[in-house]
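Here is start39.txt, consisting of compact mmCIF, C-alpha atoms:
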# COMPACT_ATOMS: atom_id res chain seq x y z
CA MET A 26 0.00 0.00 0.00
CA LYS A 27 1.48 3.27 -1.03
CA SER A 28 1.24 6.21 1.34
CA ASN A 29 -1.25 9.02 0.87
CA LEU A 30 1.60 11.42 0.31
CA TYR A 31 2.92 9.31 -2.56
CA VAL A 32 -0.56 9.18 -4.11
CA LEU A 33 -0.87 12.96 -3.90
CA GLY A 34 2.59 13.48 -5.33
CA TYR A 35 1.96 11.05 -8.17
CA ALA A 36 -1.31 12.76 -9.10
CA ALA A 37 0.33 16.19 -8.99
CA VAL A 38 3.23 15.14 -11.20
CA LEU A 39 1.06 13.30 -13.71
CA GLY A 40 -1.39 16.19 -13.85
CA THR A 41 1.37 18.73 -14.37
CA VAL A 42 3.04 16.72 -17.12
CA CYS A 43 -0.26 16.25 -18.99
CA ALA A 44 -1.09 19.93 -18.60
CA LEU A 45 2.34 21.00 -19.87
CA LEU A 46 2.02 18.73 -22.91
CA LEU A 47 -1.39 20.10 -23.77
CA THR A 48 -0.32 23.69 -23.21
CA ALA A 49 2.60 23.24 -25.58
CA SER A 50 0.43 21.63 -28.22
CA ALA A 51 -2.30 24.26 -27.83
CA ASN A 52 0.27 27.03 -28.25
CA PHE A 53 1.66 25.37 -31.33
CA THR A 54 -1.71 24.77 -33.03
CA ALA A 55 -3.44 28.01 -31.94
CA PRO A 56 -2.41 30.15 -34.95
CA TYR A 57 -3.46 27.45 -37.42
CA ILE A 58 -6.79 26.96 -35.68
CA ALA A 59 -7.36 30.74 -35.59
CA ASP A 60 -6.68 30.91 -39.36
CA ASN A 61 -9.13 28.10 -40.02
CA ALA A 62 -11.79 29.70 -37.85
CA ARG A 63 -11.28 33.05 -39.60
CA ALA A 64 -11.59 31.43 -43.04
CA GLU A 65 -14.77 29.72 -41.90
CA GLU A 66 -16.19 33.03 -40.71
CA VAL A 67 -15.21 34.80 -43.93
CA LEU A 68 -16.77 32.01 -45.98
CA ASN A 69 -20.04 32.51 -44.14
CA ILE A 70 -20.01 36.28 -44.52
CA LEU A 71 -19.37 35.91 -48.25
CA ALA A 72 -22.13 33.30 -48.55
CA ALA A 73 -24.64 35.43 -46.66
CA LEU A 74 -23.80 38.50 -48.79
CA ASN A 75 -24.04 36.32 -51.91
CA VAL A 76 -20.60 37.43 -53.08
CA PRO A 77 -19.58 35.15 -55.95
CA PHE A 78 -16.69 32.78 -55.13
CA GLN A 79 -15.65 29.31 -56.20
CA ALA A 80 -16.80 26.45 -54.04
CA ASP A 81 -13.31 24.95 -53.78
CA ALA A 82 -11.52 28.23 -53.03
CA SER A 83 -8.67 27.94 -50.54
CA SER A 84 -8.70 29.94 -47.33
CA GLU A 85 -6.15 32.40 -48.77
CA GLN A 86 -8.34 32.99 -51.83
CA LEU A 87 -11.39 33.48 -49.64
CA LEU A 88 -9.57 36.01 -47.51
CA GLU A 89 -8.47 37.90 -50.61
CA ILE A 90 -12.00 37.99 -52.04
CA PHE A 91 -13.21 39.17 -48.67
CA ASN A 92 -10.59 41.89 -48.37
CA THR A 93 -11.23 43.29 -51.86
CA ASN A 94 -15.04 43.23 -51.73
CA VAL A 95 -16.07 43.58 -48.13
CA ARG A 96 -15.33 46.32 -45.61
CA GLU A 97 -15.61 45.54 -41.95
CA GLN A 98 -16.58 48.50 -39.82
CA SER A 99 -18.19 49.38 -36.58
CA ARG A 100 -21.13 51.76 -36.48
CA GLU A 101 -23.08 52.58 -33.36
CA GLY A 102 -21.63 49.57 -31.62
CA ILE A 103 -22.69 47.14 -34.37
CA THR A 104 -20.02 45.52 -36.50
CA ILE A 105 -21.25 45.51 -40.06
CA TYR A 106 -19.78 43.96 -43.17
CA GLU A 107 -20.36 46.11 -46.22
CA TYR A 108 -20.21 44.58 -49.68
CA SER A 109 -19.74 47.04 -52.51
CA LEU A 110 -19.09 46.38 -56.19
CA PRO A 111 -15.90 48.00 -57.54
CA GLN A 112 -17.87 50.12 -60.06
CA SER A 113 -20.40 51.43 -57.54
CA LYS A 114 -18.00 53.98 -55.99
CA GLY A 115 -18.41 52.88 -52.42
CA LYS A 116 -22.19 52.66 -52.44
CA PRO A 117 -22.86 49.39 -50.69
CA GLU A 118 -24.55 46.56 -52.51
CA ALA A 119 -25.43 44.76 -49.32
CA VAL A 120 -24.68 44.72 -45.60
CA ALA A 121 -24.20 41.76 -43.27
CA VAL A 122 -24.43 41.64 -39.49
CA ARG A 123 -23.55 38.90 -37.08
CA PHE A 124 -26.17 37.39 -34.80
CA SER A 125 -25.81 34.93 -31.98
CA GLY A 126 -27.71 33.50 -29.08
CA PRO A 127 -28.41 30.35 -27.14
CA GLY A 128 -29.81 27.42 -29.09
CA LEU A 129 -31.32 24.25 -27.66
CA TRP A 130 -27.99 22.49 -26.93
CA GLY A 131 -25.37 25.14 -27.48
CA PRO A 132 -24.78 28.58 -28.93
CA ILE A 133 -26.01 29.41 -32.42
CA LYS A 134 -24.08 31.98 -34.45
CA GLY A 135 -24.59 33.23 -37.95
CA PHE A 136 -24.74 36.15 -40.36
CA LEU A 137 -27.77 37.99 -41.68
CA ALA A 138 -27.28 39.96 -44.90
CA LEU A 139 -29.59 42.76 -46.00
CA GLU A 140 -29.90 44.53 -49.34
CA SER A 141 -28.85 48.17 -49.45
CA ASP A 142 -32.41 49.25 -48.57
CA MET A 143 -31.70 47.74 -45.13
CA LYS A 144 -35.12 46.04 -45.25
CA THR A 145 -34.90 43.10 -47.62
CA ILE A 146 -33.03 39.98 -46.58
CA ARG A 147 -30.32 38.98 -49.02
CA GLY A 148 -29.15 35.83 -47.29
CA ILE A 149 -28.58 34.07 -44.00
CA THR A 150 -25.95 31.59 -42.83
CA PHE A 151 -25.25 29.73 -39.61
CA TYR A 152 -21.61 29.03 -38.84
CA GLU A 153 -21.92 27.54 -35.41
CA GLN A 154 -24.70 25.36 -34.05
CA GLU A 155 -25.11 22.15 -32.11
CA GLU A 156 -28.82 21.58 -32.66
CA THR A 157 -30.34 18.10 -32.87
CA PRO A 158 -29.18 16.57 -36.16
CA GLY A 159 -32.10 16.05 -38.49
CA LEU A 160 -34.42 18.37 -36.56
CA GLY A 161 -33.03 21.69 -35.29
CA GLY A 162 -29.82 20.99 -37.18
CA GLU A 163 -31.82 21.52 -40.37
CA ILE A 164 -31.54 25.31 -39.90
CA VAL A 165 -28.30 25.04 -41.89
CA SER A 166 -30.07 23.31 -44.81
CA PRO A 167 -30.49 25.38 -47.98
CA ALA A 168 -34.24 24.63 -47.94
CA PHE A 169 -34.67 26.49 -44.65
CA ARG A 170 -32.20 29.29 -45.33
CA GLU A 171 -33.40 30.07 -48.86
CA GLN A 172 -36.88 30.90 -47.52
CA PHE A 173 -35.41 34.06 -46.02
CA ILE A 174 -34.12 35.48 -49.30
CA GLY A 175 -36.26 38.39 -50.44
CA LYS A 176 -38.26 38.53 -47.21
CA SER A 177 -38.64 41.83 -45.41
CA ILE A 178 -37.55 42.49 -41.86
CA VAL A 179 -40.50 44.86 -41.48
CA GLY A 180 -43.97 43.38 -41.09
CA GLU A 181 -47.20 44.49 -42.80
CA ASP A 182 -47.95 46.59 -39.72
CA GLY A 183 -44.69 48.46 -40.06
CA LYS A 184 -43.06 46.90 -37.01
CA ALA A 185 -39.55 45.58 -37.34
CA GLY A 186 -39.17 41.84 -36.80
CA ILE A 187 -39.33 38.49 -38.50
CA VAL A 188 -41.62 35.58 -37.69
CA ILE A 189 -40.80 31.90 -38.02
CA ARG A 190 -44.36 30.58 -38.20
CA ARG A 191 -45.87 27.18 -37.44
CA SER A 192 -49.45 27.23 -38.75
CA GLY A 193 -50.42 26.82 -42.39
CA GLY A 194 -51.68 29.47 -44.76
CA LYS A 195 -49.87 32.04 -46.80
CA ALA A 196 -46.70 33.54 -45.33
CA ALA A 197 -46.65 37.29 -44.94
CA ARG A 198 -43.71 39.31 -46.22
CA ASN A 199 -41.79 38.95 -42.96
CA GLU A 200 -42.70 35.30 -42.28
CA VAL A 201 -40.93 32.04 -43.04
CA ASP A 202 -41.98 28.46 -42.27
CA ALA A 203 -40.60 26.74 -39.19
CA ILE A 204 -39.05 23.26 -39.21
CA THR A 205 -41.40 20.54 -37.99
CA GLY A 206 -40.10 18.96 -34.80
CA ALA A 207 -37.73 21.83 -34.11
CA THR A 208 -39.99 24.28 -32.31
CA MET A 209 -37.43 25.14 -29.63
CA THR A 210 -34.66 25.81 -32.12
CA CYS A 211 -36.93 27.89 -34.36
CA ASP A 212 -38.16 29.98 -31.41
CA LYS A 213 -34.59 30.65 -30.35
CA VAL A 214 -33.44 31.52 -33.87
CA GLU A 215 -36.42 33.84 -34.25
CA ALA A 216 -35.54 35.56 -30.96
CA MET A 217 -31.89 36.11 -31.86
CA LEU A 218 -32.78 37.38 -35.35
CA ASN A 219 -35.29 39.81 -33.91
CA ALA A 220 -32.75 41.02 -31.38
CA VAL A 221 -30.30 41.94 -34.11
CA ILE A 222 -33.07 43.37 -36.33
CA LYS A 223 -34.29 45.60 -33.47
CA ASN A 224 -30.73 46.68 -32.94
CA ILE A 225 -30.39 47.69 -36.60
CA ALA A 226 -33.84 49.27 -36.77
CA GLY A 227 -33.12 51.38 -33.71
CA LYS A 228 -29.98 52.75 -35.26
CA LYS A 229 -31.02 52.53 -38.88
CA SER A 230 -31.11 56.25 -39.45
CA LYS A 231 -27.46 56.54 -38.46
CA ILE A 232 -26.40 53.58 -40.55
CA LYS A 233 -28.45 54.71 -43.51
CA VAL A 234 -27.19 58.29 -43.52
CA GLN A 235 -23.70 57.02 -43.95
CA ASN A 236 -24.79 54.56 -46.61
CA VAL A 237 -26.24 57.25 -48.82
CA LYS A 238 -23.13 59.36 -48.55
CA MET B 25 -1.88 -20.02 -17.79
CA ALA B 26 1.30 -22.07 -17.65
CA ASN B 27 -0.06 -25.04 -19.60
CA ASN B 28 -1.63 -22.74 -22.14
CA GLN B 29 1.43 -20.90 -23.48
CA PRO B 30 0.77 -19.05 -26.73
CA PRO B 31 2.91 -19.93 -29.76
CA ALA B 32 6.10 -17.90 -30.09
CA CYS B 33 5.99 -14.91 -32.39
CA LEU B 34 7.49 -15.63 -35.81
CA SER B 35 9.57 -12.50 -36.04
CA CYS B 36 11.37 -12.40 -32.72
CA GLY B 37 10.70 -15.72 -30.98
CA ALA B 38 10.02 -16.39 -27.33
CA LYS B 39 13.01 -14.34 -26.20
CA GLY B 40 11.97 -11.26 -28.22
CA PRO B 41 10.98 -7.94 -26.67
CA CYS B 42 7.30 -8.94 -26.59
CA GLY B 43 8.06 -12.25 -24.90
CA GLY B 44 6.80 -14.16 -27.91
CA LYS B 45 3.24 -12.92 -27.51
CA GLY B 46 3.30 -10.21 -30.18
CA LEU B 47 1.59 -12.04 -33.02
CA LEU B 48 -1.07 -13.58 -30.82
CA THR B 49 -1.81 -10.20 -29.27
CA LEU B 50 -2.12 -8.70 -32.72
CA LYS B 51 -4.48 -11.42 -33.91
CA ASP B 52 -6.51 -11.10 -30.72
CA GLY B 53 -7.13 -7.40 -31.19
CA VAL B 54 -7.85 -7.43 -34.89
CA TRP B 55 -9.74 -10.70 -35.20
CA THR B 56 -10.35 -13.10 -32.28
CA SER B 57 -11.71 -10.46 -29.94
CA ASN B 58 -12.24 -7.56 -32.33
CA PRO B 59 -13.39 -4.69 -30.11
CA LEU B 60 -16.27 -3.63 -32.37
CA ALA B 61 -17.56 -6.86 -33.90
CA ILE B 62 -16.90 -9.39 -31.11
CA GLN B 63 -16.70 -7.34 -27.90
CA ILE B 64 -19.32 -4.84 -29.17
CA LEU B 65 -17.49 -1.87 -27.65
CA GLY B 66 -17.25 1.69 -28.96
CA ILE B 67 -20.60 1.39 -30.72
CA CYS B 68 -21.69 5.00 -30.17
CA SER B 69 -18.85 6.56 -32.13
CA ALA B 70 -18.91 3.75 -34.69
CA LEU B 71 -22.55 4.41 -35.52
CA ALA B 72 -22.07 8.17 -35.63
CA VAL B 73 -19.02 8.60 -37.84
CA SER B 74 -19.28 5.64 -40.21
CA ASN B 75 -21.45 7.36 -42.80
CA ARG B 76 -18.45 7.89 -45.08
CA LEU B 77 -15.29 5.88 -45.61
CA GLU B 78 -13.05 8.93 -45.14
CA ASN B 79 -14.58 9.72 -41.75
CA SER B 80 -14.21 6.09 -40.70
CA LEU B 81 -10.53 6.05 -41.64
CA VAL B 82 -9.72 9.25 -39.74
CA MET B 83 -11.64 8.03 -36.70
CA GLY B 84 -9.79 4.70 -36.94
CA ALA B 85 -6.46 6.52 -37.12
CA ALA B 86 -7.43 8.54 -34.05
CA LEU B 87 -8.19 5.39 -32.10
CA ILE B 88 -4.95 3.69 -33.15
CA PHE B 89 -2.96 6.77 -32.06
CA VAL B 90 -4.75 7.06 -28.72
CA CYS B 91 -4.65 3.33 -27.96
CA VAL B 92 -0.94 2.97 -28.76
CA GLY B 93 0.02 6.10 -26.84
CA SER B 94 -2.10 5.48 -23.76
CA ASN B 95 -1.22 1.78 -23.56
CA LEU B 96 2.49 2.64 -23.76
CA LEU B 97 2.31 5.25 -21.01
CA VAL B 98 0.03 3.25 -18.74
CA SER B 99 2.33 0.26 -19.12
CA LEU B 100 5.48 2.31 -18.45
CA LEU B 101 3.91 3.72 -15.29
CA ARG B 102 2.21 0.50 -14.20
CA ASN B 103 4.60 -0.25 -11.34
CA ARG B 104 4.60 3.32 -10.05
CA THR B 105 0.89 4.07 -10.33
CA PRO B 106 -0.89 3.79 -6.98
CA HIS B 107 -3.67 1.23 -7.33
CA ARG B 108 -6.26 3.52 -5.76
CA ILE B 109 -6.01 6.21 -8.41
CA ARG B 110 -5.04 4.11 -11.41
CA MET B 111 -8.29 4.76 -13.30
CA ILE B 112 -8.02 8.51 -12.83
CA ALA B 113 -4.43 8.33 -14.05
CA GLU B 114 -5.53 6.28 -17.08
CA VAL B 115 -8.24 8.78 -17.96
CA ALA B 116 -5.79 11.68 -17.64
CA ILE B 117 -3.35 9.96 -19.99
CA ILE B 118 -6.07 8.99 -22.48
CA ALA B 119 -7.56 12.49 -22.43
CA THR B 120 -4.15 14.01 -23.14
CA PHE B 121 -3.69 11.91 -26.27
CA VAL B 122 -7.24 12.53 -27.46
CA ILE B 123 -6.91 16.30 -27.08
CA LEU B 124 -3.55 16.21 -28.89
CA PHE B 125 -5.19 14.45 -31.84
CA ASP B 126 -8.19 16.79 -31.75
CA GLN B 127 -5.95 19.86 -31.86
CA PHE B 128 -3.95 18.36 -34.72
CA LEU B 129 -7.16 17.79 -36.71
CA LYS B 130 -8.44 21.29 -35.98
CA ALA B 131 -5.15 22.83 -37.09
CA PHE B 132 -4.51 20.85 -40.27
CA TYR B 133 -7.75 19.10 -41.28
CA TRP B 134 -10.40 21.65 -40.36
CA ASP B 135 -13.14 20.22 -42.58
CA MET B 136 -12.62 16.73 -41.26
CA SER B 137 -12.62 18.06 -37.72
CA LYS B 138 -15.97 19.75 -38.39
CA GLN B 139 -17.45 16.56 -39.84
CA LEU B 140 -16.41 14.39 -36.92
CA GLY B 141 -17.64 17.06 -34.55
CA PRO B 142 -17.66 16.02 -30.90
CA TYR B 143 -16.84 12.37 -31.62
CA VAL B 144 -13.07 12.84 -31.57
CA GLY B 145 -13.28 14.33 -28.09
CA LEU B 146 -15.60 11.52 -27.03
CA ILE B 147 -12.85 8.95 -27.64
CA ILE B 148 -11.85 9.80 -24.06
CA THR B 149 -14.90 7.87 -22.90
CA ASN B 150 -14.52 5.12 -25.50
CA CYS B 151 -14.68 1.77 -23.69
CA ILE B 152 -12.05 0.26 -25.98
CA VAL B 153 -9.26 2.63 -24.92
CA MET B 154 -10.04 2.46 -21.21
CA GLY B 155 -10.60 -1.29 -21.46
CA ARG B 156 -7.21 -1.96 -23.02
CA ALA B 157 -5.41 0.23 -20.48
CA GLU B 158 -7.18 -1.45 -17.58
CA ALA B 159 -7.20 -5.04 -18.86
CA PHE B 160 -3.91 -5.23 -20.71
CA ALA B 161 -1.43 -2.38 -20.23
CA LEU B 162 -1.59 -2.59 -16.42
CA GLN B 163 -0.29 -6.18 -16.49
CA ASN B 164 2.03 -6.23 -19.49
CA PRO B 165 5.37 -4.71 -20.54
CA PRO B 166 5.41 -1.51 -22.65
CA LEU B 167 6.22 -2.95 -26.08
CA LEU B 168 3.61 -5.68 -25.89
CA SER B 169 1.07 -3.14 -24.64
CA MET B 170 1.81 -0.97 -27.67
CA VAL B 171 1.18 -3.97 -29.93
CA ASP B 172 -2.08 -4.58 -28.12
CA GLY B 173 -3.11 -0.93 -28.51
CA ALA B 174 -2.26 -0.96 -32.20
CA ALA B 175 -4.10 -4.27 -32.68
CA ASN B 176 -7.28 -3.05 -31.03
CA GLY B 177 -7.09 0.27 -32.82
CA LEU B 178 -6.64 -1.58 -36.11
CA GLY B 179 -9.50 -3.94 -35.31
CA TYR B 180 -11.79 -0.99 -34.63
CA ALA B 181 -10.54 0.90 -37.69
CA ALA B 182 -11.01 -2.12 -39.97
CA ALA B 183 -14.54 -2.84 -38.79
CA LEU B 184 -15.37 0.86 -39.05
CA ALA B 185 -13.92 1.08 -42.56
CA ILE B 186 -16.05 -1.87 -43.72
CA ILE B 187 -19.18 -0.21 -42.32
CA GLY B 188 -18.18 3.16 -43.78
CA LEU B 189 -17.47 1.66 -47.21
CA PHE B 190 -20.88 -0.01 -47.48
CA ARG B 191 -22.79 2.95 -46.12
CA GLU B 192 -21.08 5.37 -48.48
CA ILE B 193 -21.50 3.16 -51.56
CA LEU B 194 -25.18 2.40 -50.93
CA GLY B 195 -26.03 5.79 -49.47
CA THR B 196 -24.37 8.12 -51.96
CA GLY B 197 -23.13 5.85 -54.75
CA GLU B 198 -19.60 7.13 -54.17
CA VAL B 199 -16.37 5.97 -52.54
CA MET B 200 -14.13 8.71 -51.11
CA GLY B 201 -16.01 11.16 -53.35
CA TYR B 202 -15.52 9.13 -56.55
CA PRO B 203 -18.73 7.89 -58.18
CA VAL B 204 -19.08 4.10 -58.20
CA LEU B 205 -22.79 3.38 -58.44
CA ALA B 206 -23.47 6.48 -60.47
CA GLY B 207 -25.60 5.18 -63.35
CA GLU B 208 -29.21 6.09 -64.01
CA TRP B 209 -30.17 2.68 -62.67
CA TYR B 210 -29.02 3.37 -59.13
CA THR B 211 -30.87 5.66 -56.76
CA PRO B 212 -28.77 6.38 -53.66
CA ASN B 213 -30.51 5.04 -50.58
CA GLN B 214 -30.50 7.89 -48.08
CA LEU B 215 -31.44 5.49 -45.30
CA MET B 216 -27.88 4.17 -45.30
CA ILE B 217 -26.49 7.62 -44.49
CA LEU B 218 -28.88 8.06 -41.57
CA ALA B 219 -28.72 6.34 -38.20
CA PRO B 220 -30.82 3.26 -39.13
CA GLY B 221 -28.36 2.46 -41.93
CA ALA B 222 -25.58 2.35 -39.36
CA PHE B 223 -27.50 -0.15 -37.22
CA PHE B 224 -28.27 -2.41 -40.18
CA THR B 225 -24.70 -2.41 -41.46
CA LEU B 226 -23.18 -2.91 -38.01
CA GLY B 227 -25.55 -5.82 -37.41
CA VAL B 228 -24.48 -7.48 -40.63
CA VAL B 229 -20.79 -6.91 -39.87
CA ILE B 230 -21.15 -8.42 -36.39
CA ALA B 231 -23.04 -11.39 -37.85
CA VAL B 232 -20.41 -12.03 -40.53
CA PHE B 233 -17.54 -11.79 -38.02
CA ASN B 234 -19.27 -14.26 -35.73
CA ILE B 235 -20.09 -16.71 -38.54
CA PHE B 236 -16.40 -16.89 -39.46
CA LYS B 237 -15.33 -17.04 -35.84
CA GLY B 238 -17.85 -19.79 -35.19
CA GLN B 239 -16.38 -21.84 -38.01
CA GLU B 240 -12.89 -21.30 -36.61
CA THR B 241 -13.93 -22.50 -33.16
CA ALA B 242 -15.75 -25.49 -34.64
CA GLU B 243 -12.65 -26.53 -36.59
CA LYS B 244 -10.52 -26.37 -33.45
CA LYS B 245 -12.89 -28.76 -31.69

Whole structure given in structure tokens:
Amino acid sequence: MKSNLYVLGYAAVLGTVCALLLTASANFTAPYIADNARAEEVLNILAALNVPFQADASSEQLLEIFNTNVREQSREGITIYEYSLPQSKGKPEAVAVRFSGPGLWGPIKGFLALESDMKTIRGITFYEQEETPGLGGEIVSPAFREQFIGKSIVGEDGKAGIVIRRSGGKAARNEVDAITGATMTCDKVEAMLNAVIKNIAGKKSKIKVQNVK
Amino acid sequence: MANNQPPACLSCGAKGPCGGKGLLTLKDGVWTSNPLAIQILGICSALAVSNRLENSLVMGAALIFVCVGSNLLVSLLRNRTPHRIRMIAEVAIIATFVILFDQFLKAFYWDMSKQLGPYVGLIITNCIVMGRAEAFALQNPPLLSMVDGAANGLGYAAALAIIGLFREILGTGEVMGYPVLAGEWYTPNQLMILAPGAFFTLGVVIAVFNIFKGQETAEKK
């Protein structure tokens, strides 16, 4: 029987060695992982803004396309990604904003892109989610995301906000169909989208003034 | 055990570094007591990641790496590890290797890392790795333990690759992205990509393994 002191010492040494190994490896891989994460983010911004790029583009190519077409800037505390065509002299073609919030199992993060009128949705992407595969996980499917394109973030009654609806009938201009069996996920996505939409709507005048300029 | 000595390994003989048990250990892990098909361990990850051959191979490689590394370390430390905390020590060692592999994937194979999702991290709780450390590495010398780890990793990887191959061919008509069953006459069966397809294929693989093993045992009698 080994003494308690030995057991404690053994655990401390083993723990320290494992921790040192992992720290070294984390330090070594961190820049590569950061690059990959950045490329993933850029890919999603480009996809939401519907900027043309090749499907098999490398992360360097993606970053270059991003840097030439998209300007990242902060206005009124919101980081926005402005896409402008080279010939349009700085007038933005579309604007993307990041949204995030709690999902059913883990955080959901994505980008919402609006046309230059700041009302019509141009595209939406999710770059981080851990929803139930096959149910809530379907928010990343093209079928769900493409519903948003062309929808308005302002309802018929003039109030800002989007509705992910359950019942049948014809969808209004700010409504998209929910995913069956994924009520919780859809409610949460709706809430986080409305939070970012309210944020934009509240500061729209400021953002718009600069857009027109 | 004395009257039941295993045959000496062909390569190094009874006096070799594995004590003549290398080949038998290898055969045990890959075939006689294949962790997936005979011991039915590690089913959760096997069902989840075997929808494509590529995923299966990477997952298999991860398990080989973790099994070899953890078996080696557990075996090296087996005489120093206090019995009371041996399982905690094993888990710490296993977790270290799993996180190393996970970070490597995230840094250099980002897409693969995204596809495998949480299942690489979950190798920490994989019964195969813990089982080998507890049942084999604690009682055997380092080199033989490494062989055992490699054998069990290989056994898992091979069974997983077979499942992945069939699911990918029937489910998408492709192998590693190359079309195989691509003609007009074949409609990919989506069921094979989804969870039920994994159960069906795994069941068939287990059945086939056991049919062959049954024949082997019958011949010995």

Exercise for the section: Within 8 Å of chain A, which residues of chain B are there when counting all atoms listed in the file? Please give them as a list in words. Expected result: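 Result, ordered by chain then number: Thr105, Pro106, Ile109, Ala113, Ala116, Ile117, Thr120, Ile123, Leu124, Gln127, Phe128, Lys130, Ala131, Phe132 and Trp134 of chain B.
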
For the selection you just gave me, I'd like the residues written to a file as a short mmCIF file (atom, residue, chain, number, x, y, z; two decimals), keeping the file's coordinate frame, keeping C-alpha atoms.
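File produced: out.cif:
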data_model
loop_
_atom_site.label_atom_id
_atom_site.label_comp_id
_atom_site.auth_asym_id
_atom_site.auth_seq_id
_atom_site.Cartn_x
_atom_site.Cartn_y
_atom_site.Cartn_z
CA THR B 105 0.89 4.07 -10.33
CA PRO B 106 -0.89 3.79 -6.98
CA ILE B 109 -6.01 6.21 -8.41
CA ALA B 113 -4.43 8.33 -14.05
CA ALA B 116 -5.79 11.68 -17.64
CA ILE B 117 -3.35 9.96 -19.99
CA THR B 120 -4.15 14.01 -23.14
CA ILE B 123 -6.91 16.30 -27.08
CA LEU B 124 -3.55 16.21 -28.89
CA GLN B 127 -5.95 19.86 -31.86
CA PHE B 128 -3.95 18.36 -34.72
CA LYS B 130 -8.44 21.29 -35.98
CA ALA B 131 -5.15 22.83 -37.09
CA PHE B 132 -4.51 20.85 -40.27
CA TRP B 134 -10.40 21.65 -40.36
#

Handout entry: Separation of CA of Asn94 (chain A) from CA of Tyr108 (chain A) in Å
Key =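 Straight-line distance from CA of Tyr108 (chain A) to CA of Asn94 (chain A) works out to 5.7 Å.
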
Exercise for the section: Quote the spacing between CA of Gly194 (chain A) and CA of Gln172 (chain A) in Å to one decimal place. Expected result: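 CA of Gln172 (chain A) lies at a distance of 15.1 Å from CA of Gly194 (chain A).
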
Practice task
Extract, using only C-alpha atoms, all DNA, RNA and protein residues at most 8 Å from Gly175 (chain A), discarding same-chain residues fewer than 2 positions from it, and format them as a list in words.
Solution key: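 Listing them by chain and then by number gives Thr145, Ile146, Arg147, Phe173 and Ser177 of chain A.
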
Handout entry: Gap from CA of Glu66 (chain A) to CA of Pro132 (chain A) - Å, one decimal
Key =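 Going from CA of Glu66 (chain A) over to CA of Pro132 (chain A) covers 15.2 Å.
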
Problem - region 68-80 of chain B environment, 10 Å, all atoms listed in the file, sequence neighbours closer than 5 positions dropped, as a count of residues only - result: 44

Problem - Long-range neighbours of Ser125 (chain A) as a PyMOL selection string, 7 Å cut-off, only C-alpha atoms, 3 positions minimum in chain - result: chain A and resi 133-135+217

Handout entry: Cut-off 10 Å around (5.9, 4.3, -28.7) with all atoms listed in the file: residues as an NGL selection string
Key = :B and (89 or 92-97 or 166-167 or 169-171)

Exercise for the section: Counting all atoms listed in the file, select every polymer residue within 6 Å of (-9.2, 6.0, -27.6) as defined in the file's coordinates, and provide the selection as a list in words. Expected result: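 Residues with an atom at most 6 Å from (-9.2, 6.0, -27.6): Leu87, Val90, Cys91, Ile147, Ile148, Asn150 and Val153 of chain B.
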
Exercise for the section: Would you please work out which residue, of B:Gly173, B:Gly145, B:Pro203, B:Gly179, is nearest to Gln63 (chain B) when using only C-alpha atoms? Expected result: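 Ranking B:Gly173, B:Gly145, B:Pro203, B:Gly179 by distance to Gln63 (chain B), first place goes to B:Gly179.
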
Practice task
Can you pull out every residue within 9 Å of Thr149 (chain B), counting only C-alpha atoms, but drop anything in the same chain fewer than 4 positions away, and send it as a ChimeraX atom specification?
Solution key: /B:66,115,118-119,145,153-154

Please rebuild region 174-183 of chain B with N, CA and C atoms and give the result as a compact mmCIF listing (two decimals), keeping the file's coordinate frame.
# COMPACT_ATOMS: atom_id res chain seq x y z
N ALA B 174 -2.20 -1.06 -30.75
CA ALA B 174 -2.26 -0.96 -32.20
C ALA B 174 -3.25 -1.98 -32.75
N ALA B 175 -3.23 -3.21 -32.19
CA ALA B 175 -4.10 -4.27 -32.68
C ALA B 175 -5.56 -3.90 -32.48
N ASN B 176 -5.88 -3.40 -31.29
CA ASN B 176 -7.28 -3.05 -31.03
C ASN B 176 -7.72 -1.84 -31.83
N GLY B 177 -6.79 -0.87 -31.97
CA GLY B 177 -7.09 0.27 -32.82
C GLY B 177 -7.35 -0.17 -34.25
N LEU B 178 -6.50 -1.06 -34.74
CA LEU B 178 -6.64 -1.58 -36.11
C LEU B 178 -7.95 -2.35 -36.26
N GLY B 179 -8.27 -3.17 -35.26
CA GLY B 179 -9.50 -3.94 -35.31
C GLY B 179 -10.71 -3.03 -35.41
N TYR B 180 -10.70 -1.97 -34.60
CA TYR B 180 -11.79 -0.99 -34.63
C TYR B 180 -11.82 -0.29 -35.98
N ALA B 181 -10.62 0.15 -36.44
CA ALA B 181 -10.54 0.90 -37.69
C ALA B 181 -11.02 0.04 -38.86
N ALA B 182 -10.63 -1.26 -38.86
CA ALA B 182 -11.01 -2.12 -39.97
C ALA B 182 -12.51 -2.32 -40.00
N ALA B 183 -13.09 -2.64 -38.83
CA ALA B 183 -14.54 -2.84 -38.79
C ALA B 183 -15.27 -1.56 -39.20
